[in-house]
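Engineer: Would you mind keeping the following structure in view while I ask a few things?
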Amino acid sequence: MRRGVIGKRIGLLIETLSAILREIFDESAYARFLTTENLISSRAAYAEFLHETEHTRARRPRCC
Amino acid sequence: MTKIVRTIIWFAVAALGTLAVSVIALRRGESINAMWLVVAAGCCYSLGYRFYSKFVATKVLLLDPLRATPAERLENGRDFVRTNKWVVFGHHFAAIAGPGPLVGPVLAAQFGYLPGTLWILAGAVFGGCVQDFVILLFSVRRDGKSLTEMAREEIGKVGGFIAYVSVLAIIVILLGVAALIVVNALKGSPWGTFTIAMTIPIALLMGLYLRRIRPGKVLETSILGFVLVMSAIVGGQWVSQSPTWAHWFTYSASTLAIVIIIYGFAASALPVWLLLAPRDYLSTFVKLGTIFMLALGIVLVRPQLHMPPLTRFIDGTGPVFAGNLFPFAFITIACGAISGFHSLISSGTTPKLIARETETRMVGYGAMLAESMVAIMAMIAACTMQPGVYFAINSPAGVVGQSPDAATATISQWGFPVTAANMAALAHAVGEQTLFNRTGGAPAFAVGMAQIFAHSLGGDAVMAIWYHFAIMFEALFILTVLDAGTRVGRFMVQDALGHIWKPIGRTSWYPSILSTSALIVGAWGFFLWQGVKDPLGGINSLWPLFGIANQLLATVALCVATTIIIKMHRARYALVTLLPLCILVSITFTASYHKIFDPNPRIGFLAHSKLLATQVATASKPEELARLIFNDRLDAVVAGVLVCLVSLILIESVLEWSRVLYGQKEASVKESPFVLSRFAEEEA
């Protein structure tokens, strides 16, 4: 029982860390783009995603 | 857990924190373990988060979990997306963590570990975290508006204009200083230069791989890039040992400065997906991993601090940078305690991802606490070195002397024994020809970090690899800031000039891209060149200028925050932002006064220019002196203009507060109207 709870917590931790990394590295943004545009991942779809987000990404400051 | 148990635990945390701070503050004459700093920070941050941030959230800001955030109301799957709070926290931390909290504490360590550590702890808990938290919430309540937009709406047009100029000025000065740090770390270092040079083709390769081979697989591409960068570090050792190849990668500071200026211009004009984005991913990947590893290394090694708590240089005669403890320690620490630049991130992408108002506390306040912990780690890395070694690395030749013997004699005379043989052995151990006069903080941090890593993994045999890993990490970090900052600055100039002549405002029009890029690169390139040619190492004058600009921007952010708090009818709690504002005003204005008017030529720009003017007649190269005189006067003007601008916004803010408090103006804020969250039931 206790092992099950710990396992679940570790699973949740890994899931959260993975979600954080996917958001930081724009993988989630790309997945959302594919969903809203009803596309499947391809070179063309990724190129369109890059084009659409270029403006926002280029204006995103990186802190000192 | 019952209330009584919780109370006992918090009392225990407070007692442990008090003990740790007392050890740090009161121990004299013997070295202490770095874990005392870690424990003090952990306890202060826990108490600050649990009690102070809760007070700010519930009493001052009245966070409302039932109020829909813009991520809910305006959700579009692109900019506005309701996101898990831990994910937003990670995203926000990755955006605010930069080279500042690593470099600032290393430079401030010249005063000893005590002043910097105390300011990092207090400044973050009562200043920096509050600023980030408050600005994030106010931006959430205004559909994710930027700091400049909020300044314009809440304070007035002058406020908006000054915020804009401050942002542009800080970007230019920051980029000049950041580039100078890279130049000082890479000059005469074929290993470092090769590794950093390799990151450019690696980033280009990543961009192409992402676009052509594995679209959207950023994490996988970043891991691939990381493996390539690590191979470049290992390859760099071979390059440095090969007389032919080492020759091709050994450059003077001037040559490196020219290369970086050309690189900055090219990076600003190339498509984002080709260089900027992959480099950003790679840098973030390395950054998060390294910070985690450094924290782990400190806990495993538990090193002793060899630097005394206070050094003789609190009197203002420090070799790393001149100036008294107050205000220069506060200016130098910069982002580890409070950073105006964070207010741009807190009013940028992050507010558009927040799912509930209550989460702004964890994201805004919490992420800044994590950044402050990074600053504490940097302080530890600097102070674990023998002080003599620290000063030999960080002191410019103009202060300690040109030759190793002269430098070690001067430093030993100060009471910090070091020999030329010690320094030669250390340089050999890290794979460098020399470590003298490596001003800028990055090499000293790299040596400290390499020592900690080498003690926890691999021993002295891999010290050189760790040193160059640390240099690569910092340079990669800084060059990413350079790429992104140049581009952001370019857009700001395009937006502004577009009001005068429309075509220049078109961000995709190539003549506009090239001319505005040249303008921004020329501006920071000027400061970089000035630093490279400065006999005192450049950092002495430029880092304080950067610190002043950064904290003046924080002053603007706190003016906006205080104005909004007063307009929210929460004036009785306005001290929450007003107190850090007053402290920052006293710090930045005093520092600016000293940097402009101090009679000591090592501190005051004008005094230095006067001193140089007396030498022109007898100088062998009078045109060089004339240029230095011009640089000093320009730096004085830049500092003066920034202070005048911020004085204007302060005056405008104070007038606005008095109008509201004396009933001459209705106290109304320009928030988006309240909309009940769809998740209100769940929340209730």
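Chain lettering (A, B, ...) mirrors the order of the structure tokens, residue numbering begins at 1 for each chain separately, and ligand numbering begins at 1 in order of display.
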For Val81 of chain B, find every residue with an atom within 7 Å (counting only C-alpha atoms), except residues of its own chain fewer than 6 positions away, and show them as a compact mmCIF listing (two decimals) with N, CA, C and O atoms, in the first residue's frame.

Structural biologist:
# COMPACT_ATOMS: atom_id res chain seq x y z
N ALA B 71 -5.49 33.94 -18.86
CA ALA B 71 -5.26 32.63 -19.47
C ALA B 71 -6.57 31.87 -19.63
O ALA B 71 -6.71 31.05 -20.54
N GLU B 75 -8.19 32.53 -23.44
CA GLU B 75 -7.46 31.32 -23.87
C GLU B 75 -7.56 31.13 -25.39
O GLU B 75 -8.65 31.13 -25.96
N LYS B 352 0.40 35.41 -18.89
CA LYS B 352 -0.58 34.83 -19.84
C LYS B 352 -0.75 33.33 -19.62
O LYS B 352 -1.55 32.70 -20.30
N LEU B 353 0.05 32.76 -18.71
CA LEU B 353 -0.03 31.31 -18.48
C LEU B 353 -0.67 30.97 -17.13
O LEU B 353 -0.99 29.81 -16.87

Engineer: Which residues are close to Leu581 of chain B, i.e. within 12 Å by only C-alpha atoms, leaving aside same-chain residues fewer than 4 positions away? Reply as a compact mmCIF listing (two decimals) with N, CA, C and O atoms, in the first residue's frame.

Structural biologist:
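Once written, part_35.txt looks like this:
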# COMPACT_ATOMS: atom_id res chain seq x y z
N GLY B 123 17.46 41.43 0.60
CA GLY B 123 17.01 42.09 -0.64
C GLY B 123 16.01 41.23 -1.39
O GLY B 123 15.02 41.74 -1.93
N PHE B 126 12.51 40.80 0.92
CA PHE B 126 11.69 42.01 1.08
C PHE B 126 11.62 42.89 -0.17
O PHE B 126 10.80 43.79 -0.23
N GLY B 127 12.49 42.65 -1.13
CA GLY B 127 12.51 43.51 -2.32
C GLY B 127 12.23 42.77 -3.62
O GLY B 127 11.15 42.91 -4.20
N GLY B 128 13.21 41.97 -4.04
CA GLY B 128 13.12 41.35 -5.37
C GLY B 128 11.92 40.45 -5.55
O GLY B 128 11.22 40.53 -6.57
N VAL B 130 9.13 40.49 -3.83
CA VAL B 130 7.90 41.27 -3.77
C VAL B 130 7.67 41.96 -5.11
O VAL B 130 6.55 41.94 -5.65
N GLN B 131 8.73 42.55 -5.66
CA GLN B 131 8.59 43.22 -6.96
C GLN B 131 8.06 42.24 -8.03
O GLN B 131 7.09 42.52 -8.73
N ILE B 338 17.60 41.91 -6.20
CA ILE B 338 16.46 42.55 -6.87
C ILE B 338 16.90 42.96 -8.27
O ILE B 338 17.99 43.50 -8.46
N GLY B 340 15.45 44.82 -11.85
CA GLY B 340 14.38 45.48 -12.61
C GLY B 340 14.01 44.69 -13.85
O GLY B 340 12.85 44.71 -14.29
N GLN B 551 18.81 48.53 -11.38
CA GLN B 551 18.04 48.84 -10.18
C GLN B 551 17.21 50.10 -10.35
O GLN B 551 16.21 50.27 -9.65
N LEU B 552 17.59 50.95 -11.29
CA LEU B 552 16.71 52.09 -11.59
C LEU B 552 15.44 51.57 -12.26
O LEU B 552 14.34 52.10 -12.05
N LEU B 553 15.59 50.51 -13.07
CA LEU B 553 14.40 49.91 -13.68
C LEU B 553 13.51 49.29 -12.60
O LEU B 553 12.28 49.39 -12.68
N ALA B 554 14.14 48.69 -11.58
CA ALA B 554 13.37 48.16 -10.45
C ALA B 554 12.65 49.30 -9.73
O ALA B 554 11.52 49.14 -9.26
N THR B 555 13.30 50.45 -9.67
CA THR B 555 12.67 51.64 -9.05
C THR B 555 11.41 52.01 -9.81
O THR B 555 10.36 52.30 -9.22
N VAL B 556 11.50 51.97 -11.15
CA VAL B 556 10.32 52.28 -11.98
C VAL B 556 9.22 51.26 -11.68
O VAL B 556 8.06 51.62 -11.48
N ALA B 557 9.59 49.96 -11.61
CA ALA B 557 8.60 48.91 -11.37
C ALA B 557 7.94 49.11 -10.01
O ALA B 557 6.71 48.97 -9.87
N LEU B 558 8.74 49.46 -9.00
CA LEU B 558 8.17 49.66 -7.65
C LEU B 558 7.32 50.92 -7.58
O LEU B 558 6.37 50.99 -6.80
N CYS B 559 7.64 51.93 -8.40
CA CYS B 559 6.79 53.13 -8.48
C CYS B 559 5.41 52.73 -9.02
O CYS B 559 4.37 53.13 -8.49
N VAL B 560 5.42 51.93 -10.08
CA VAL B 560 4.15 51.47 -10.67
C VAL B 560 3.38 50.67 -9.64
O VAL B 560 2.17 50.89 -9.42
N ALA B 561 4.08 49.75 -8.95
CA ALA B 561 3.42 48.88 -7.97
C ALA B 561 2.82 49.70 -6.82
O ALA B 561 1.65 49.49 -6.44
N THR B 562 3.59 50.67 -6.30
CA THR B 562 3.09 51.48 -5.17
C THR B 562 1.87 52.30 -5.61
O THR B 562 0.88 52.41 -4.87
N THR B 563 1.94 52.85 -6.81
CA THR B 563 0.81 53.65 -7.32
C THR B 563 -0.45 52.80 -7.38
O THR B 563 -1.53 53.23 -6.94
N ALA B 574 1.06 50.18 1.75
CA ALA B 574 1.94 50.57 0.65
C ALA B 574 3.43 50.42 0.98
O ALA B 574 4.26 50.37 0.07
N LEU B 575 3.72 50.34 2.29
CA LEU B 575 5.14 50.19 2.68
C LEU B 575 5.78 48.93 2.09
O LEU B 575 7.00 48.86 1.93
N VAL B 576 4.94 47.97 1.78
CA VAL B 576 5.44 46.71 1.22
C VAL B 576 6.28 46.96 -0.04
O VAL B 576 7.30 46.33 -0.25
N THR B 577 5.85 47.91 -0.83
CA THR B 577 6.65 48.26 -2.03
C THR B 577 7.39 49.59 -1.82
O THR B 577 8.43 49.82 -2.44
N VAL B 585 16.09 53.75 -4.10
CA VAL B 585 16.37 55.14 -4.49
C VAL B 585 17.65 55.60 -3.80
O VAL B 585 18.54 56.19 -4.42
N SER B 586 17.76 55.29 -2.50
CA SER B 586 18.97 55.73 -1.79
C SER B 586 20.22 55.04 -2.36
O SER B 586 21.26 55.67 -2.52
N ILE B 587 20.09 53.76 -2.70
CA ILE B 587 21.25 53.03 -3.25
C ILE B 587 21.64 53.58 -4.62
O ILE B 587 22.80 53.94 -4.87
N THR B 588 20.66 53.64 -5.52
CA THR B 588 20.99 53.99 -6.91
C THR B 588 21.41 55.46 -7.04
O THR B 588 22.34 55.77 -7.78
N PHE B 589 20.73 56.34 -6.28
CA PHE B 589 21.08 57.75 -6.40
C PHE B 589 22.45 58.03 -5.79
O PHE B 589 23.24 58.81 -6.33
N VAL B 646 14.61 58.77 -13.97
CA VAL B 646 13.91 58.08 -12.89
C VAL B 646 13.41 59.09 -11.84
O VAL B 646 12.36 58.89 -11.25
N LEU B 650 9.63 59.33 -10.45
CA LEU B 650 9.39 59.37 -9.01
C LEU B 650 8.50 60.56 -8.65
O LEU B 650 7.53 60.42 -7.91
N SER B 653 5.06 60.00 -9.82
CA SER B 653 4.38 59.01 -8.98
C SER B 653 3.93 59.64 -7.67
O SER B 653 2.79 59.46 -7.24
N VAL B 654 4.85 60.38 -7.04
CA VAL B 654 4.52 60.99 -5.74
C VAL B 654 3.34 61.97 -5.91
O VAL B 654 2.42 62.00 -5.07

Engineer: Report as a ChimeraX atom specification the set of chain B residues whose atoms approach chain A to within 8 Å, with distances computed over only C-alpha atoms.

Structural biologist: /B:77-78,86-88,90-91,94-101,174,211-213,215-219,272-273,277,281,335,341-342,344-345,348-349,480-481,484-485,487-488,491

Engineer: With only C-alpha atoms as the counted atoms, please give the residues lying no more than 7 Å from Ala40 of chain B, apart from itself and same-chain residues fewer than 4 positions off, as JSON, numbers by chain.

Structural biologist: {"B": [17, 20, 21, 36, 44]}

Engineer: Save out the residues we just selected, N, CA, C and O atoms, as an mmCIF file, in the first residue's frame.

Structural biologist:
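Okay, out.cif is ready:
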data_model
loop_
_atom_site.group_PDB
_atom_site.id
_atom_site.type_symbol
_atom_site.label_atom_id
_atom_site.label_comp_id
_atom_site.auth_asym_id
_atom_site.auth_seq_id
_atom_site.Cartn_x
_atom_site.Cartn_y
_atom_site.Cartn_z
ATOM 1 N N GLY B 17 17.424 29.260 11.477
ATOM 2 C CA GLY B 17 17.804 30.391 10.615
ATOM 3 C C GLY B 17 18.575 31.435 11.398
ATOM 4 O O GLY B 17 19.596 31.970 10.937
ATOM 5 N N ALA B 20 22.040 30.146 12.056
ATOM 6 C CA ALA B 20 22.882 30.172 10.849
ATOM 7 C C ALA B 20 23.327 31.598 10.517
ATOM 8 O O ALA B 20 24.505 31.846 10.234
ATOM 9 N N VAL B 21 22.382 32.543 10.577
ATOM 10 C CA VAL B 21 22.737 33.943 10.268
ATOM 11 C C VAL B 21 23.727 34.463 11.311
ATOM 12 O O VAL B 21 24.661 35.201 10.987
ATOM 13 N N TRP B 36 26.501 26.711 6.256
ATOM 14 C CA TRP B 36 25.813 27.725 7.077
ATOM 15 C C TRP B 36 25.072 28.715 6.184
ATOM 16 O O TRP B 36 23.985 29.173 6.517
ATOM 17 N N CYS B 44 15.598 31.441 5.778
ATOM 18 C CA CYS B 44 15.057 32.785 5.472
ATOM 19 C C CYS B 44 14.024 32.697 4.346
ATOM 20 O O CYS B 44 12.966 33.330 4.403
#

Engineer: Run DSSP on the backbone and tell me which residues of segment 374-505 of chain B come out as helix (DSSP H, G or I); list them as a VMD selection string.

Structural biologist: chain B and resid 374 to 383 387 to 394 397 to 400 404 to 413 420 to 429 442 to 456 460 to 498 502 to 505

Engineer: Just the residues within 12 Å of Met362 of chain B, please, counting only C-alpha atoms, with nothing from its chain fewer than 6 positions along; format it as a PyMOL selection string.

Structural biologist: chain B and resi 46+48-50+53-54+57+84-90+92-93+129-130+132-134+136-137+354+356+368-370

Engineer: Just the selected residues (N, CA and C atoms), exported as an mmCIF file, in the first residue's frame, please.

Structural biologist:
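Written out: out_6.cif:
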data_model
loop_
_atom_site.group_PDB
_atom_site.id
_atom_site.type_symbol
_atom_site.label_atom_id
_atom_site.label_comp_id
_atom_site.auth_asym_id
_atom_site.auth_seq_id
_atom_site.Cartn_x
_atom_site.Cartn_y
_atom_site.Cartn_z
ATOM 1 N N SER B 46 12.234 30.074 3.438
ATOM 2 C CA SER B 46 11.018 29.365 3.876
ATOM 3 C C SER B 46 10.125 30.313 4.685
ATOM 4 N N GLY B 48 10.212 33.614 4.704
ATOM 5 C CA GLY B 48 9.731 34.700 3.828
ATOM 6 C C GLY B 48 8.554 34.251 2.991
ATOM 7 N N TYR B 49 8.661 33.060 2.439
ATOM 8 C CA TYR B 49 7.575 32.574 1.581
ATOM 9 C C TYR B 49 6.323 32.292 2.407
ATOM 10 N N ARG B 50 6.520 31.584 3.526
ATOM 11 C CA ARG B 50 5.357 31.152 4.311
ATOM 12 C C ARG B 50 4.619 32.346 4.920
ATOM 13 N N SER B 53 5.190 36.491 2.169
ATOM 14 C CA SER B 53 4.470 36.488 0.887
ATOM 15 C C SER B 53 2.979 36.235 1.114
ATOM 16 N N LYS B 54 2.666 35.474 2.169
ATOM 17 C CA LYS B 54 1.248 35.231 2.461
ATOM 18 C C LYS B 54 0.579 36.527 2.919
ATOM 19 N N ALA B 57 0.012 38.566 -0.076
ATOM 20 C CA ALA B 57 -1.054 38.005 -0.909
ATOM 21 C C ALA B 57 -2.436 38.262 -0.324
ATOM 22 N N ASN B 84 -0.367 24.461 -15.693
ATOM 23 C CA ASN B 84 -0.088 23.960 -14.343
ATOM 24 C C ASN B 84 0.925 24.885 -13.642
ATOM 25 N N LYS B 85 0.677 25.163 -12.353
ATOM 26 C CA LYS B 85 1.502 26.163 -11.651
ATOM 27 C C LYS B 85 2.989 25.773 -11.597
ATOM 28 N N TRP B 86 3.274 24.460 -11.497
ATOM 29 C CA TRP B 86 4.682 24.052 -11.444
ATOM 30 C C TRP B 86 5.350 24.275 -12.796
ATOM 31 N N VAL B 87 4.565 24.080 -13.839
ATOM 32 C CA VAL B 87 5.107 24.291 -15.188
ATOM 33 C C VAL B 87 5.406 25.782 -15.391
ATOM 34 N N VAL B 88 4.467 26.635 -14.938
ATOM 35 C CA VAL B 88 4.705 28.087 -15.070
ATOM 36 C C VAL B 88 5.908 28.500 -14.221
ATOM 37 N N PHE B 89 6.000 27.901 -13.040
ATOM 38 C CA PHE B 89 7.134 28.207 -12.155
ATOM 39 C C PHE B 89 8.454 27.906 -12.881
ATOM 40 N N GLY B 90 8.563 26.704 -13.457
ATOM 41 C CA GLY B 90 9.781 26.303 -14.165
ATOM 42 C C GLY B 90 10.062 27.215 -15.346
ATOM 43 N N HIS B 92 9.016 30.309 -15.778
ATOM 44 C CA HIS B 92 9.361 31.659 -15.303
ATOM 45 C C HIS B 92 10.800 31.678 -14.773
ATOM 46 N N PHE B 93 11.154 30.645 -14.001
ATOM 47 C CA PHE B 93 12.515 30.601 -13.453
ATOM 48 C C PHE B 93 13.548 30.526 -14.579
ATOM 49 N N CYS B 129 11.657 39.615 -4.536
ATOM 50 C CA CYS B 129 10.521 38.681 -4.656
ATOM 51 C C CYS B 129 9.206 39.450 -4.676
ATOM 52 N N VAL B 130 9.134 40.487 -3.828
ATOM 53 C CA VAL B 130 7.898 41.274 -3.766
ATOM 54 C C VAL B 130 7.667 41.965 -5.109
ATOM 55 N N ASP B 132 8.693 41.082 -8.123
ATOM 56 C CA ASP B 132 8.305 40.117 -9.158
ATOM 57 C C ASP B 132 6.853 39.661 -8.973
ATOM 58 N N PHE B 133 6.502 39.388 -7.718
ATOM 59 C CA PHE B 133 5.160 38.905 -7.373
ATOM 60 C C PHE B 133 4.102 39.960 -7.704
ATOM 61 N N VAL B 134 4.338 41.172 -7.221
ATOM 62 C CA VAL B 134 3.344 42.240 -7.367
ATOM 63 C C VAL B 134 3.158 42.606 -8.851
ATOM 64 N N LEU B 136 3.765 40.747 -11.406
ATOM 65 C CA LEU B 136 3.110 39.620 -12.091
ATOM 66 C C LEU B 136 1.603 39.671 -11.862
ATOM 67 N N LEU B 137 1.195 39.896 -10.614
ATOM 68 C CA LEU B 137 -0.251 39.932 -10.342
ATOM 69 C C LEU B 137 -0.913 41.094 -11.079
ATOM 70 N N ILE B 354 -0.833 31.993 -16.279
ATOM 71 C CA ILE B 354 -1.305 31.748 -14.900
ATOM 72 C C ILE B 354 -2.768 31.287 -14.898
ATOM 73 N N ARG B 356 -4.669 30.523 -12.008
ATOM 74 C CA ARG B 356 -5.419 31.133 -10.900
ATOM 75 C C ARG B 356 -4.603 32.265 -10.316
ATOM 76 N N MET B 368 11.723 33.886 -7.732
ATOM 77 C CA MET B 368 12.800 34.817 -7.373
ATOM 78 C C MET B 368 13.600 34.282 -6.190
ATOM 79 N N LEU B 369 12.924 33.565 -5.285
ATOM 80 C CA LEU B 369 13.675 32.933 -4.181
ATOM 81 C C LEU B 369 14.671 31.923 -4.742
ATOM 82 N N ALA B 370 14.240 31.170 -5.764
ATOM 83 C CA ALA B 370 15.138 30.185 -6.373
ATOM 84 C C ALA B 370 16.330 30.884 -7.043
#

Engineer: Which of these residues is nearest to Ala421 of chain B, using only C-alpha atoms: B:Ser240, B:Thr408, B:Ser166, B:Ser254?

Structural biologist: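 The answer is B:Thr408, which sits nearest to Ala421 of chain B.
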
Engineer: Kindly indicate which residue among B:Thr2, B:Ser677, B:Ser146, B:Asn631 lies nearest to Ala163 of chain B, using only C-alpha atoms for the distances.

Structural biologist: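 Ranked by minimum distance to Ala163 of chain B, first place goes to B:Ser146.
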
Engineer: What is the atom CA of Phe226 of chain B to atom CA of Val299 of chain B distance in Å?

Structural biologist: 24.8 Å

Engineer: If we count only C-alpha atoms and set the cut-off at 10 Å, which residues sit around segment 541-548 of chain B, ignoring sequence neighbours fewer than 5 positions away in its own chain? Please answer as a ChimeraX atom specification.

Structural biologist: /B:100,103-104,107,169-178,180-181,321-323,327-335,339-340,440,527-528,530-531,534,536,553-554,584,587-592,595,602-605,632,635-636,638-639,642-643

Engineer: Could you tell me how far atom CA of Gln402 of chain B lies from atom CA of Ile380 of chain B, in Å and to one decimal?

Structural biologist: 28.6 Å

Engineer: To one decimal place, how far is atom CA of Pro303 of chain B from atom CA of Ala378 of chain B in Å?

Structural biologist: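 Between these atoms lies a distance of 12.9 Å.
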